[in-house]
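Single-structure report; data block below.
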Amino acid sequence: MHLMQGTLDMLVLRTLAIGAAHGHEIAKHIQRTTDDVLQVEHGSLYPALHRLEKKGWIAGKWEQAKDRNREFKYYRLTAAGRKQLAAEESRWNKLAIAIARVMSPQKEA
């Protein structure tokens with residue numbers, strides 16, 4: 001399923017609120033928690049990570065993987081990212097409620 005840019009950003013921020021992760025872990029978390037409905041392609045994910053890092057909402061650092069003998073860039077949510085996530089979640093909840101009202105209208109009396 002195709003995601004709008006802002007939605008992908010919000011999902012990445014929400015995933016990183018749990019803890020630091022590298023790109024592949026972020027994509028797998030989103031896929032797993034949505035029961036495979038959302039599959040984030042690398043061609044969308046990495047530009048999103050770079051964009052979020054440039055905005056200062058996440059910070060990336062190359063680190064040795066615990067279970068592998070290679071480095072991965074691990075991303076962490078910043079204080080500014082936490083604030084942005086709260087704003088995005090609020091907007092998302094309002095949008096979801098508004099769409100639900102249109103999709104499931106109450107019968108008029």
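By order in the structure tokens, chains are A, B, ...; within a chain, residues start at 1; ligands start at 1, following the order shown.
Across chain A, DSSP run on the backbone finds strand (DSSP E) at Ala21, His22, Ile58, Ala59, Gly60, Lys61, Trp62, Glu63, Gln64, Glu71, Phe72, Lys73, Tyr74, Tyr75, Arg76 and Leu77 of chain A.
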Mind dumping the selected residues with N, CA, C and O atoms as a JSON list (two decimals), in the first residue's frame?
```
[["chain", "number", "residue", "atom", "x", "y", "z"],
["A", 21, "ALA", "N", 16.94, 2.25, 16.08],
["A", 21, "ALA", "CA", 16.85, 1.16, 15.10],
["A", 21, "ALA", "C", 17.53, 1.60, 13.82],
["A", 21, "ALA", "O", 17.63, 2.79, 13.52],
["A", 22, "HIS", "N", 17.99, 0.62, 13.04],
["A", 22, "HIS", "CA", 18.52, 0.95, 11.71],
["A", 22, "HIS", "C", 17.39, 0.79, 10.70],
["A", 22, "HIS", "O", 16.30, 0.31, 11.03],
["A", 58, "ILE", "N", 15.37, 13.30, 13.98],
["A", 58, "ILE", "CA", 16.07, 12.07, 14.34],
["A", 58, "ILE", "C", 17.57, 12.33, 14.21],
["A", 58, "ILE", "O", 17.98, 13.26, 13.52],
["A", 59, "ALA", "N", 18.35, 11.50, 14.88],
["A", 59, "ALA", "CA", 19.81, 11.57, 14.77],
["A", 59, "ALA", "C", 20.33, 10.18, 14.44],
["A", 59, "ALA", "O", 19.89, 9.19, 15.03],
["A", 60, "GLY", "N", 21.23, 10.12, 13.47],
["A", 60, "GLY", "CA", 21.79, 8.84, 13.06],
["A", 60, "GLY", "C", 23.25, 8.73, 13.45],
["A", 60, "GLY", "O", 23.97, 9.72, 13.43],
["A", 61, "LYS", "N", 23.65, 7.53, 13.81],
["A", 61, "LYS", "CA", 25.04, 7.28, 14.20],
["A", 61, "LYS", "C", 25.43, 5.87, 13.78],
["A", 61, "LYS", "O", 24.68, 4.93, 14.01],
["A", 62, "TRP", "N", 26.58, 5.75, 13.12],
["A", 62, "TRP", "CA", 27.07, 4.43, 12.72],
["A", 62, "TRP", "C", 27.56, 3.68, 13.94],
["A", 62, "TRP", "O", 28.34, 4.20, 14.72],
["A", 63, "GLU", "N", 27.07, 2.46, 14.11],
["A", 63, "GLU", "CA", 27.44, 1.63, 15.26],
["A", 63, "GLU", "C", 27.58, 0.17, 14.82],
["A", 63, "GLU", "O", 26.94, -0.26, 13.87],
["A", 64, "GLN", "N", 28.37, -0.54, 15.58],
["A", 64, "GLN", "CA", 28.54, -1.98, 15.36],
["A", 64, "GLN", "C", 27.26, -2.70, 15.81],
["A", 64, "GLN", "O", 26.77, -2.45, 16.91],
["A", 71, "GLU", "N", 28.80, -2.58, 10.60],
["A", 71, "GLU", "CA", 28.17, -1.38, 11.15],
["A", 71, "GLU", "C", 26.86, -1.08, 10.43],
["A", 71, "GLU", "O", 26.72, -1.33, 9.23],
["A", 72, "PHE", "N", 25.94, -0.53, 11.19],
["A", 72, "PHE", "CA", 24.67, -0.04, 10.67],
["A", 72, "PHE", "C", 24.48, 1.37, 11.18],
["A", 72, "PHE", "O", 24.96, 1.70, 12.27],
["A", 73, "LYS", "N", 23.73, 2.17, 10.44],
["A", 73, "LYS", "CA", 23.40, 3.50, 10.93],
["A", 73, "LYS", "C", 22.13, 3.38, 11.77],
["A", 73, "LYS", "O", 21.06, 3.06, 11.24],
["A", 74, "TYR", "N", 22.28, 3.60, 13.06],
["A", 74, "TYR", "CA", 21.15, 3.54, 13.98],
["A", 74, "TYR", "C", 20.57, 4.94, 14.16],
["A", 74, "TYR", "O", 21.31, 5.90, 14.36],
["A", 75, "TYR", "N", 19.26, 5.02, 14.08],
["A", 75, "TYR", "CA", 18.56, 6.30, 14.21],
["A", 75, "TYR", "C", 17.86, 6.35, 15.55],
["A", 75, "TYR", "O", 17.32, 5.36, 16.03],
["A", 76, "ARG", "N", 17.87, 7.55, 16.14],
["A", 76, "ARG", "CA", 17.21, 7.80, 17.42],
["A", 76, "ARG", "C", 16.33, 9.03, 17.28],
["A", 76, "ARG", "O", 16.67, 9.96, 16.57],
["A", 77, "LEU", "N", 15.25, 9.03, 18.01],
["A", 77, "LEU", "CA", 14.36, 10.17, 18.06],
["A", 77, "LEU", "C", 14.99, 11.26, 18.92],
["A", 77, "LEU", "O", 15.52, 10.98, 19.99]]
```
Problem set entry | Residue neighbourhood stretch 28-42 of chain A, 10 Å, only C-alpha atoms, exclusion window fewer than 3 positions, as a ChimeraX atom specification | /A:1-3,8,11-12,14-16,21,23-25,45-48
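Counting only C-alpha atoms and comparing A:Ala80, A:Met103, A:Ser44, A:Lys66, the residue that lies closest to A:Thr7 is A:Ser44.
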Exercise. Between A:Leu49, A:Thr78, A:Pro105, A:Gly56, which is the closest to A:Asp9 once you count only C-alpha atoms?
Worked result: A:Leu49
Exercise. Could you pull the residues within 8 Å of stretch 83-94 of chain A, counting only C-alpha atoms, minus those fewer than 4 positions along the same chain, as an MDAnalysis selection string?
Worked result: chainID A and resid 10 13:14 57 79 98
Produce a file of the selected residues containing C-alpha atoms, as an mmCIF file, in the first residue's frame.
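Output file result_26.cif follows:
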```
data_model
loop_
_atom_site.group_PDB
_atom_site.id
_atom_site.type_symbol
_atom_site.label_atom_id
_atom_site.label_comp_id
_atom_site.auth_asym_id
_atom_site.auth_seq_id
_atom_site.Cartn_x
_atom_site.Cartn_y
_atom_site.Cartn_z
ATOM 1 C CA MET A 10 4.993 9.842 11.282
ATOM 2 C CA LEU A 13 9.005 8.746 14.234
ATOM 3 C CA ARG A 14 6.557 6.503 16.085
ATOM 4 C CA TRP A 57 13.809 15.115 14.320
ATOM 5 C CA ALA A 79 13.602 15.940 21.619
ATOM 6 C CA ALA A 98 -13.232 13.118 10.353
#
```
I need the helix (DSSP H, G or I) residues of chain A per DSSP on the backbone, written as a PDB file with N, CA, C and O atoms, in the first residue's frame.
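Produced file out39.pdb, reproduced below:
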```pdb
ATOM      1  N   GLN A   5       3.883  10.916   1.991  1.00  0.00           N
ATOM      2  CA  GLN A   5       5.150  11.262   2.635  1.00  0.00           C
ATOM      3  C   GLN A   5       4.982  11.571   4.117  1.00  0.00           C
ATOM      4  O   GLN A   5       5.704  11.048   4.950  1.00  0.00           O
ATOM      5  N   GLY A   6       4.049  12.381   4.493  1.00  0.00           N
ATOM      6  CA  GLY A   6       3.863  12.743   5.896  1.00  0.00           C
ATOM      7  C   GLY A   6       3.496  11.559   6.764  1.00  0.00           C
ATOM      8  O   GLY A   6       3.899  11.472   7.923  1.00  0.00           O
ATOM      9  N   THR A   7       2.743  10.616   6.194  1.00  0.00           N
ATOM     10  CA  THR A   7       2.355   9.424   6.944  1.00  0.00           C
ATOM     11  C   THR A   7       3.570   8.544   7.210  1.00  0.00           C
ATOM     12  O   THR A   7       3.752   8.045   8.327  1.00  0.00           O
ATOM     13  N   LEU A   8       4.422   8.370   6.224  1.00  0.00           N
ATOM     14  CA  LEU A   8       5.637   7.583   6.413  1.00  0.00           C
ATOM     15  C   LEU A   8       6.518   8.230   7.479  1.00  0.00           C
ATOM     16  O   LEU A   8       7.031   7.553   8.364  1.00  0.00           O
ATOM     17  N   ASP A   9       6.666   9.546   7.419  1.00  0.00           N
ATOM     18  CA  ASP A   9       7.465  10.251   8.423  1.00  0.00           C
ATOM     19  C   ASP A   9       6.931   9.985   9.822  1.00  0.00           C
ATOM     20  O   ASP A   9       7.684   9.687  10.749  1.00  0.00           O
ATOM     21  N   MET A  10       5.609  10.065   9.974  1.00  0.00           N
ATOM     22  CA  MET A  10       4.993   9.842  11.282  1.00  0.00           C
ATOM     23  C   MET A  10       5.236   8.404  11.762  1.00  0.00           C
ATOM     24  O   MET A  10       5.556   8.182  12.929  1.00  0.00           O
ATOM     25  N   LEU A  11       5.119   7.434  10.874  1.00  0.00           N
ATOM     26  CA  LEU A  11       5.338   6.035  11.248  1.00  0.00           C
ATOM     27  C   LEU A  11       6.788   5.783  11.649  1.00  0.00           C
ATOM     28  O   LEU A  11       7.058   5.022  12.578  1.00  0.00           O
ATOM     29  N   VAL A  12       7.720   6.430  10.962  1.00  0.00           N
ATOM     30  CA  VAL A  12       9.135   6.298  11.320  1.00  0.00           C
ATOM     31  C   VAL A  12       9.370   6.912  12.696  1.00  0.00           C
ATOM     32  O   VAL A  12      10.005   6.297  13.556  1.00  0.00           O
ATOM     33  N   LEU A  13       8.838   8.101  12.931  1.00  0.00           N
ATOM     34  CA  LEU A  13       9.005   8.746  14.234  1.00  0.00           C
ATOM     35  C   LEU A  13       8.403   7.883  15.336  1.00  0.00           C
ATOM     36  O   LEU A  13       8.999   7.692  16.396  1.00  0.00           O
ATOM     37  N   ARG A  14       7.225   7.340  15.081  1.00  0.00           N
ATOM     38  CA  ARG A  14       6.557   6.503  16.085  1.00  0.00           C
ATOM     39  C   ARG A  14       7.366   5.237  16.372  1.00  0.00           C
ATOM     40  O   ARG A  14       7.493   4.807  17.510  1.00  0.00           O
ATOM     41  N   THR A  15       7.924   4.648  15.330  1.00  0.00           N
ATOM     42  CA  THR A  15       8.755   3.453  15.501  1.00  0.00           C
ATOM     43  C   THR A  15       9.984   3.771  16.346  1.00  0.00           C
ATOM     44  O   THR A  15      10.347   3.005  17.247  1.00  0.00           O
ATOM     45  N   LEU A  16      10.605   4.911  16.100  1.00  0.00           N
ATOM     46  CA  LEU A  16      11.810   5.281  16.845  1.00  0.00           C
ATOM     47  C   LEU A  16      11.498   5.733  18.271  1.00  0.00           C
ATOM     48  O   LEU A  16      12.402   5.792  19.108  1.00  0.00           O
ATOM     49  N   ALA A  17      10.225   6.026  18.568  1.00  0.00           N
ATOM     50  CA  ALA A  17       9.845   6.359  19.947  1.00  0.00           C
ATOM     51  C   ALA A  17      10.045   5.139  20.849  1.00  0.00           C
ATOM     52  O   ALA A  17      10.249   5.280  22.048  1.00  0.00           O
ATOM     53  N   ILE A  18      10.023   3.953  20.270  1.00  0.00           N
ATOM     54  CA  ILE A  18      10.231   2.712  21.015  1.00  0.00           C
ATOM     55  C   ILE A  18      11.705   2.557  21.377  1.00  0.00           C
ATOM     56  O   ILE A  18      12.045   2.051  22.427  1.00  0.00           O
ATOM     57  N   GLY A  23      17.642   1.222   9.487  1.00  0.00           N
ATOM     58  CA  GLY A  23      16.597   1.281   8.473  1.00  0.00           C
ATOM     59  C   GLY A  23      15.824  -0.001   8.268  1.00  0.00           C
ATOM     60  O   GLY A  23      14.593   0.002   8.225  1.00  0.00           O
ATOM     61  N   HIS A  24      16.527  -1.111   8.140  1.00  0.00           N
ATOM     62  CA  HIS A  24      15.847  -2.382   7.900  1.00  0.00           C
ATOM     63  C   HIS A  24      14.936  -2.750   9.074  1.00  0.00           C
ATOM     64  O   HIS A  24      13.818  -3.242   8.878  1.00  0.00           O
ATOM     65  N   GLU A  25      15.395  -2.484  10.304  1.00  0.00           N
ATOM     66  CA  GLU A  25      14.564  -2.761  11.489  1.00  0.00           C
ATOM     67  C   GLU A  25      13.311  -1.898  11.489  1.00  0.00           C
ATOM     68  O   GLU A  25      12.229  -2.361  11.856  1.00  0.00           O
ATOM     69  N   ILE A  26      13.450  -0.635  11.083  1.00  0.00           N
ATOM     70  CA  ILE A  26      12.299   0.271  11.021  1.00  0.00           C
ATOM     71  C   ILE A  26      11.266  -0.261  10.028  1.00  0.00           C
ATOM     72  O   ILE A  26      10.083  -0.364  10.332  1.00  0.00           O
ATOM     73  N   ALA A  27      11.731  -0.616   8.830  1.00  0.00           N
ATOM     74  CA  ALA A  27      10.828  -1.138   7.797  1.00  0.00           C
ATOM     75  C   ALA A  27      10.134  -2.417   8.263  1.00  0.00           C
ATOM     76  O   ALA A  27       8.920  -2.580   8.084  1.00  0.00           O
ATOM     77  N   LYS A  28      10.885  -3.328   8.876  1.00  0.00           N
ATOM     78  CA  LYS A  28      10.307  -4.588   9.354  1.00  0.00           C
ATOM     79  C   LYS A  28       9.305  -4.354  10.482  1.00  0.00           C
ATOM     80  O   LYS A  28       8.273  -5.026  10.547  1.00  0.00           O
ATOM     81  N   HIS A  29       9.584  -3.412  11.371  1.00  0.00           N
ATOM     82  CA  HIS A  29       8.653  -3.109  12.461  1.00  0.00           C
ATOM     83  C   HIS A  29       7.320  -2.609  11.907  1.00  0.00           C
ATOM     84  O   HIS A  29       6.248  -3.046  12.334  1.00  0.00           O
ATOM     85  N   ILE A  30       7.379  -1.700  10.951  1.00  0.00           N
ATOM     86  CA  ILE A  30       6.152  -1.169  10.348  1.00  0.00           C
ATOM     87  C   ILE A  30       5.391  -2.295   9.652  1.00  0.00           C
ATOM     88  O   ILE A  30       4.168  -2.425   9.816  1.00  0.00           O
ATOM     89  N   GLN A  31       6.082  -3.132   8.919  1.00  0.00           N
ATOM     90  CA  GLN A  31       5.440  -4.245   8.219  1.00  0.00           C
ATOM     91  C   GLN A  31       4.813  -5.219   9.209  1.00  0.00           C
ATOM     92  O   GLN A  31       3.661  -5.629   9.053  1.00  0.00           O
ATOM     93  N   ARG A  32       5.557  -5.573  10.237  1.00  0.00           N
ATOM     94  CA  ARG A  32       5.090  -6.549  11.230  1.00  0.00           C
ATOM     95  C   ARG A  32       3.879  -6.019  12.007  1.00  0.00           C
ATOM     96  O   ARG A  32       2.903  -6.739  12.205  1.00  0.00           O
ATOM     97  N   THR A  33       3.939  -4.772  12.445  1.00  0.00           N
ATOM     98  CA  THR A  33       2.856  -4.236  13.276  1.00  0.00           C
ATOM     99  C   THR A  33       1.598  -3.918  12.480  1.00  0.00           C
ATOM    100  O   THR A  33       0.533  -3.741  13.069  1.00  0.00           O
ATOM    101  N   HIS A  42      12.774   0.441   0.418  1.00  0.00           N
ATOM    102  CA  HIS A  42      14.002   1.175   0.726  1.00  0.00           C
ATOM    103  C   HIS A  42      14.070   2.494  -0.042  1.00  0.00           C
ATOM    104  O   HIS A  42      14.598   3.476   0.467  1.00  0.00           O
ATOM    105  N   GLY A  43      13.510   2.521  -1.245  1.00  0.00           N
ATOM    106  CA  GLY A  43      13.501   3.735  -2.054  1.00  0.00           C
ATOM    107  C   GLY A  43      12.666   4.853  -1.454  1.00  0.00           C
ATOM    108  O   GLY A  43      12.829   6.013  -1.821  1.00  0.00           O
ATOM    109  N   SER A  44      11.771   4.515  -0.544  1.00  0.00           N
ATOM    110  CA  SER A  44      10.984   5.514   0.180  1.00  0.00           C
ATOM    111  C   SER A  44      11.553   5.763   1.570  1.00  0.00           C
ATOM    112  O   SER A  44      11.564   6.896   2.051  1.00  0.00           O
ATOM    113  N   LEU A  45      12.018   4.692   2.218  1.00  0.00           N
ATOM    114  CA  LEU A  45      12.463   4.795   3.597  1.00  0.00           C
ATOM    115  C   LEU A  45      13.717   5.661   3.757  1.00  0.00           C
ATOM    116  O   LEU A  45      13.746   6.560   4.593  1.00  0.00           O
ATOM    117  N   TYR A  46      14.745   5.381   2.974  1.00  0.00           N
ATOM    118  CA  TYR A  46      16.005   6.088   3.191  1.00  0.00           C
ATOM    119  C   TYR A  46      15.920   7.579   2.873  1.00  0.00           C
ATOM    120  O   TYR A  46      16.460   8.393   3.626  1.00  0.00           O
ATOM    121  N   PRO A  47      15.204   7.997   1.833  1.00  0.00           N
ATOM    122  CA  PRO A  47      14.996   9.445   1.664  1.00  0.00           C
ATOM    123  C   PRO A  47      14.240  10.058   2.849  1.00  0.00           C
ATOM    124  O   PRO A  47      14.528  11.176   3.273  1.00  0.00           O
ATOM    125  N   ALA A  48      13.274   9.297   3.404  1.00  0.00           N
ATOM    126  CA  ALA A  48      12.534   9.785   4.580  1.00  0.00           C
ATOM    127  C   ALA A  48      13.475   9.931   5.775  1.00  0.00           C
ATOM    128  O   ALA A  48      13.428  10.941   6.491  1.00  0.00           O
ATOM    129  N   LEU A  49      14.340   8.948   5.997  1.00  0.00           N
ATOM    130  CA  LEU A  49      15.288   9.031   7.107  1.00  0.00           C
ATOM    131  C   LEU A  49      16.220  10.226   6.948  1.00  0.00           C
ATOM    132  O   LEU A  49      16.475  10.964   7.902  1.00  0.00           O
ATOM    133  N   HIS A  50      16.702  10.447   5.748  1.00  0.00           N
ATOM    134  CA  HIS A  50      17.582  11.604   5.506  1.00  0.00           C
ATOM    135  C   HIS A  50      16.840  12.915   5.722  1.00  0.00           C
ATOM    136  O   HIS A  50      17.383  13.865   6.295  1.00  0.00           O
ATOM    137  N   ARG A  51      15.597  12.972   5.276  1.00  0.00           N
ATOM    138  CA  ARG A  51      14.774  14.175   5.439  1.00  0.00           C
ATOM    139  C   ARG A  51      14.535  14.458   6.928  1.00  0.00           C
ATOM    140  O   ARG A  51      14.681  15.596   7.386  1.00  0.00           O
ATOM    141  N   LEU A  52      14.189  13.432   7.690  1.00  0.00           N
ATOM    142  CA  LEU A  52      13.930  13.597   9.123  1.00  0.00           C
ATOM    143  C   LEU A  52      15.199  13.978   9.879  1.00  0.00           C
ATOM    144  O   LEU A  52      15.158  14.780  10.815  1.00  0.00           O
ATOM    145  N   GLU A  53      16.318  13.424   9.441  1.00  0.00           N
ATOM    146  CA  GLU A  53      17.596  13.756  10.070  1.00  0.00           C
ATOM    147  C   GLU A  53      17.960  15.215   9.782  1.00  0.00           C
ATOM    148  O   GLU A  53      18.402  15.944  10.674  1.00  0.00           O
ATOM    149  N   LYS A  54      17.723  15.651   8.557  1.00  0.00           N
ATOM    150  CA  LYS A  54      18.012  17.041   8.170  1.00  0.00           C
ATOM    151  C   LYS A  54      17.146  18.033   8.962  1.00  0.00           C
ATOM    152  O   LYS A  54      17.592  19.113   9.323  1.00  0.00           O
ATOM    153  N   ALA A  79      14.649  15.216  20.876  1.00  0.00           N
ATOM    154  CA  ALA A  79      13.602  15.940  21.619  1.00  0.00           C
ATOM    155  C   ALA A  79      12.664  16.646  20.639  1.00  0.00           C
ATOM    156  O   ALA A  79      11.437  16.632  20.804  1.00  0.00           O
ATOM    157  N   ALA A  80      13.240  17.245  19.602  1.00  0.00           N
ATOM    158  CA  ALA A  80      12.417  17.915  18.581  1.00  0.00           C
ATOM    159  C   ALA A  80      11.542  16.894  17.857  1.00  0.00           C
ATOM    160  O   ALA A  80      10.394  17.180  17.496  1.00  0.00           O
ATOM    161  N   GLY A  81      12.065  15.695  17.658  1.00  0.00           N
ATOM    162  CA  GLY A  81      11.299  14.634  17.020  1.00  0.00           C
ATOM    163  C   GLY A  81      10.132  14.175  17.868  1.00  0.00           C
ATOM    164  O   GLY A  81       9.052  13.886  17.357  1.00  0.00           O
ATOM    165  N   ARG A  82      10.341  14.112  19.179  1.00  0.00           N
ATOM    166  CA  ARG A  82       9.240  13.736  20.088  1.00  0.00           C
ATOM    167  C   ARG A  82       8.118  14.770  20.025  1.00  0.00           C
ATOM    168  O   ARG A  82       6.938  14.426  20.007  1.00  0.00           O
ATOM    169  N   LYS A  83       8.508  16.032  19.983  1.00  0.00           N
ATOM    170  CA  LYS A  83       7.524  17.115  19.899  1.00  0.00           C
ATOM    171  C   LYS A  83       6.766  17.032  18.568  1.00  0.00           C
ATOM    172  O   LYS A  83       5.539  17.169  18.526  1.00  0.00           O
ATOM    173  N   GLN A  84       7.485  16.778  17.482  1.00  0.00           N
ATOM    174  CA  GLN A  84       6.866  16.656  16.167  1.00  0.00           C
ATOM    175  C   GLN A  84       5.932  15.456  16.117  1.00  0.00           C
ATOM    176  O   GLN A  84       4.841  15.529  15.561  1.00  0.00           O
ATOM    177  N   LEU A  85       6.345  14.348  16.717  1.00  0.00           N
ATOM    178  CA  LEU A  85       5.503  13.147  16.750  1.00  0.00           C
ATOM    179  C   LEU A  85       4.190  13.435  17.465  1.00  0.00           C
ATOM    180  O   LEU A  85       3.119  13.040  16.995  1.00  0.00           O
ATOM    181  N   ALA A  86       4.242  14.141  18.581  1.00  0.00           N
ATOM    182  CA  ALA A  86       3.014  14.481  19.320  1.00  0.00           C
ATOM    183  C   ALA A  86       2.079  15.315  18.444  1.00  0.00           C
ATOM    184  O   ALA A  86       0.862  15.072  18.402  1.00  0.00           O
ATOM    185  N   ALA A  87       2.638  16.266  17.714  1.00  0.00           N
ATOM    186  CA  ALA A  87       1.823  17.109  16.825  1.00  0.00           C
ATOM    187  C   ALA A  87       1.232  16.282  15.684  1.00  0.00           C
ATOM    188  O   ALA A  87       0.050  16.438  15.339  1.00  0.00           O
ATOM    189  N   GLU A  88       2.047  15.398  15.104  1.00  0.00           N
ATOM    190  CA  GLU A  88       1.575  14.545  14.004  1.00  0.00           C
ATOM    191  C   GLU A  88       0.486  13.588  14.471  1.00  0.00           C
ATOM    192  O   GLU A  88      -0.505  13.375  13.769  1.00  0.00           O
ATOM    193  N   GLU A  89       0.652  13.010  15.649  1.00  0.00           N
ATOM    194  CA  GLU A  89      -0.359  12.089  16.170  1.00  0.00           C
ATOM    195  C   GLU A  89      -1.675  12.809  16.418  1.00  0.00           C
ATOM    196  O   GLU A  89      -2.747  12.269  16.140  1.00  0.00           O
ATOM    197  N   SER A  90      -1.622  14.029  16.917  1.00  0.00           N
ATOM    198  CA  SER A  90      -2.830  14.811  17.154  1.00  0.00           C
ATOM    199  C   SER A  90      -3.557  15.090  15.837  1.00  0.00           C
ATOM    200  O   SER A  90      -4.773  14.907  15.733  1.00  0.00           O
ATOM    201  N   ARG A  91      -2.804  15.516  14.821  1.00  0.00           N
ATOM    202  CA  ARG A  91      -3.404  15.780  13.500  1.00  0.00           C
ATOM    203  C   ARG A  91      -3.976  14.493  12.914  1.00  0.00           C
ATOM    204  O   ARG A  91      -5.063  14.491  12.332  1.00  0.00           O
ATOM    205  N   TRP A  92      -3.242  13.391  13.051  1.00  0.00           N
ATOM    206  CA  TRP A  92      -3.692  12.116  12.510  1.00  0.00           C
ATOM    207  C   TRP A  92      -5.005  11.682  13.164  1.00  0.00           C
ATOM    208  O   TRP A  92      -5.930  11.233  12.491  1.00  0.00           O
ATOM    209  N   ASN A  93      -5.100  11.800  14.484  1.00  0.00           N
ATOM    210  CA  ASN A  93      -6.323  11.407  15.189  1.00  0.00           C
ATOM    211  C   ASN A  93      -7.516  12.235  14.733  1.00  0.00           C
ATOM    212  O   ASN A  93      -8.610  11.697  14.533  1.00  0.00           O
ATOM    213  N   LYS A  94      -7.323  13.536  14.550  1.00  0.00           N
ATOM    214  CA  LYS A  94      -8.415  14.399  14.062  1.00  0.00           C
ATOM    215  C   LYS A  94      -8.834  13.977  12.652  1.00  0.00           C
ATOM    216  O   LYS A  94     -10.027  13.915  12.344  1.00  0.00           O
ATOM    217  N   LEU A  95      -7.858  13.694  11.802  1.00  0.00           N
ATOM    218  CA  LEU A  95      -8.149  13.281  10.429  1.00  0.00           C
ATOM    219  C   LEU A  95      -8.888  11.948  10.407  1.00  0.00           C
ATOM    220  O   LEU A  95      -9.878  11.781   9.690  1.00  0.00           O
ATOM    221  N   ALA A  96      -8.440  10.982  11.215  1.00  0.00           N
ATOM    222  CA  ALA A  96      -9.079   9.667  11.257  1.00  0.00           C
ATOM    223  C   ALA A  96     -10.535   9.776  11.715  1.00  0.00           C
ATOM    224  O   ALA A  96     -11.416   9.106  11.162  1.00  0.00           O
ATOM    225  N   ILE A  97     -10.796  10.614  12.702  1.00  0.00           N
ATOM    226  CA  ILE A  97     -12.168  10.810  13.190  1.00  0.00           C
ATOM    227  C   ILE A  97     -13.036  11.445  12.104  1.00  0.00           C
ATOM    228  O   ILE A  97     -14.169  11.014  11.865  1.00  0.00           O
ATOM    229  N   ALA A  98     -12.478  12.446  11.414  1.00  0.00           N
ATOM    230  CA  ALA A  98     -13.232  13.118  10.353  1.00  0.00           C
ATOM    231  C   ALA A  98     -13.557  12.154   9.217  1.00  0.00           C
ATOM    232  O   ALA A  98     -14.689  12.133   8.704  1.00  0.00           O
ATOM    233  N   ILE A  99     -12.594  11.342   8.808  1.00  0.00           N
ATOM    234  CA  ILE A  99     -12.827  10.379   7.730  1.00  0.00           C
ATOM    235  C   ILE A  99     -13.847   9.331   8.166  1.00  0.00           C
ATOM    236  O   ILE A  99     -14.737   8.964   7.397  1.00  0.00           O
ATOM    237  N   ALA A 100     -13.761   8.868   9.401  1.00  0.00           N
ATOM    238  CA  ALA A 100     -14.708   7.881   9.908  1.00  0.00           C
ATOM    239  C   ALA A 100     -16.140   8.440   9.872  1.00  0.00           C
ATOM    240  O   ALA A 100     -17.086   7.698   9.578  1.00  0.00           O
ATOM    241  N   ARG A 101     -16.294   9.720  10.145  1.00  0.00           N
ATOM    242  CA  ARG A 101     -17.642  10.327  10.107  1.00  0.00           C
ATOM    243  C   ARG A 101     -18.220  10.304   8.697  1.00  0.00           C
ATOM    244  O   ARG A 101     -19.422  10.118   8.514  1.00  0.00           O
ATOM    245  N   VAL A 102     -17.376  10.493   7.688  1.00  0.00           N
ATOM    246  CA  VAL A 102     -17.837  10.467   6.313  1.00  0.00           C
ATOM    247  C   VAL A 102     -18.125   9.027   5.867  1.00  0.00           C
ATOM    248  O   VAL A 102     -19.138   8.752   5.233  1.00  0.00           O
ATOM    249  N   MET A 103     -17.257   8.114   6.255  1.00  0.00           N
ATOM    250  CA  MET A 103     -17.385   6.728   5.812  1.00  0.00           C
ATOM    251  C   MET A 103     -18.506   5.976   6.530  1.00  0.00           C
ATOM    252  O   MET A 103     -19.077   5.052   5.974  1.00  0.00           O
TER     253      MET A 103
END
```
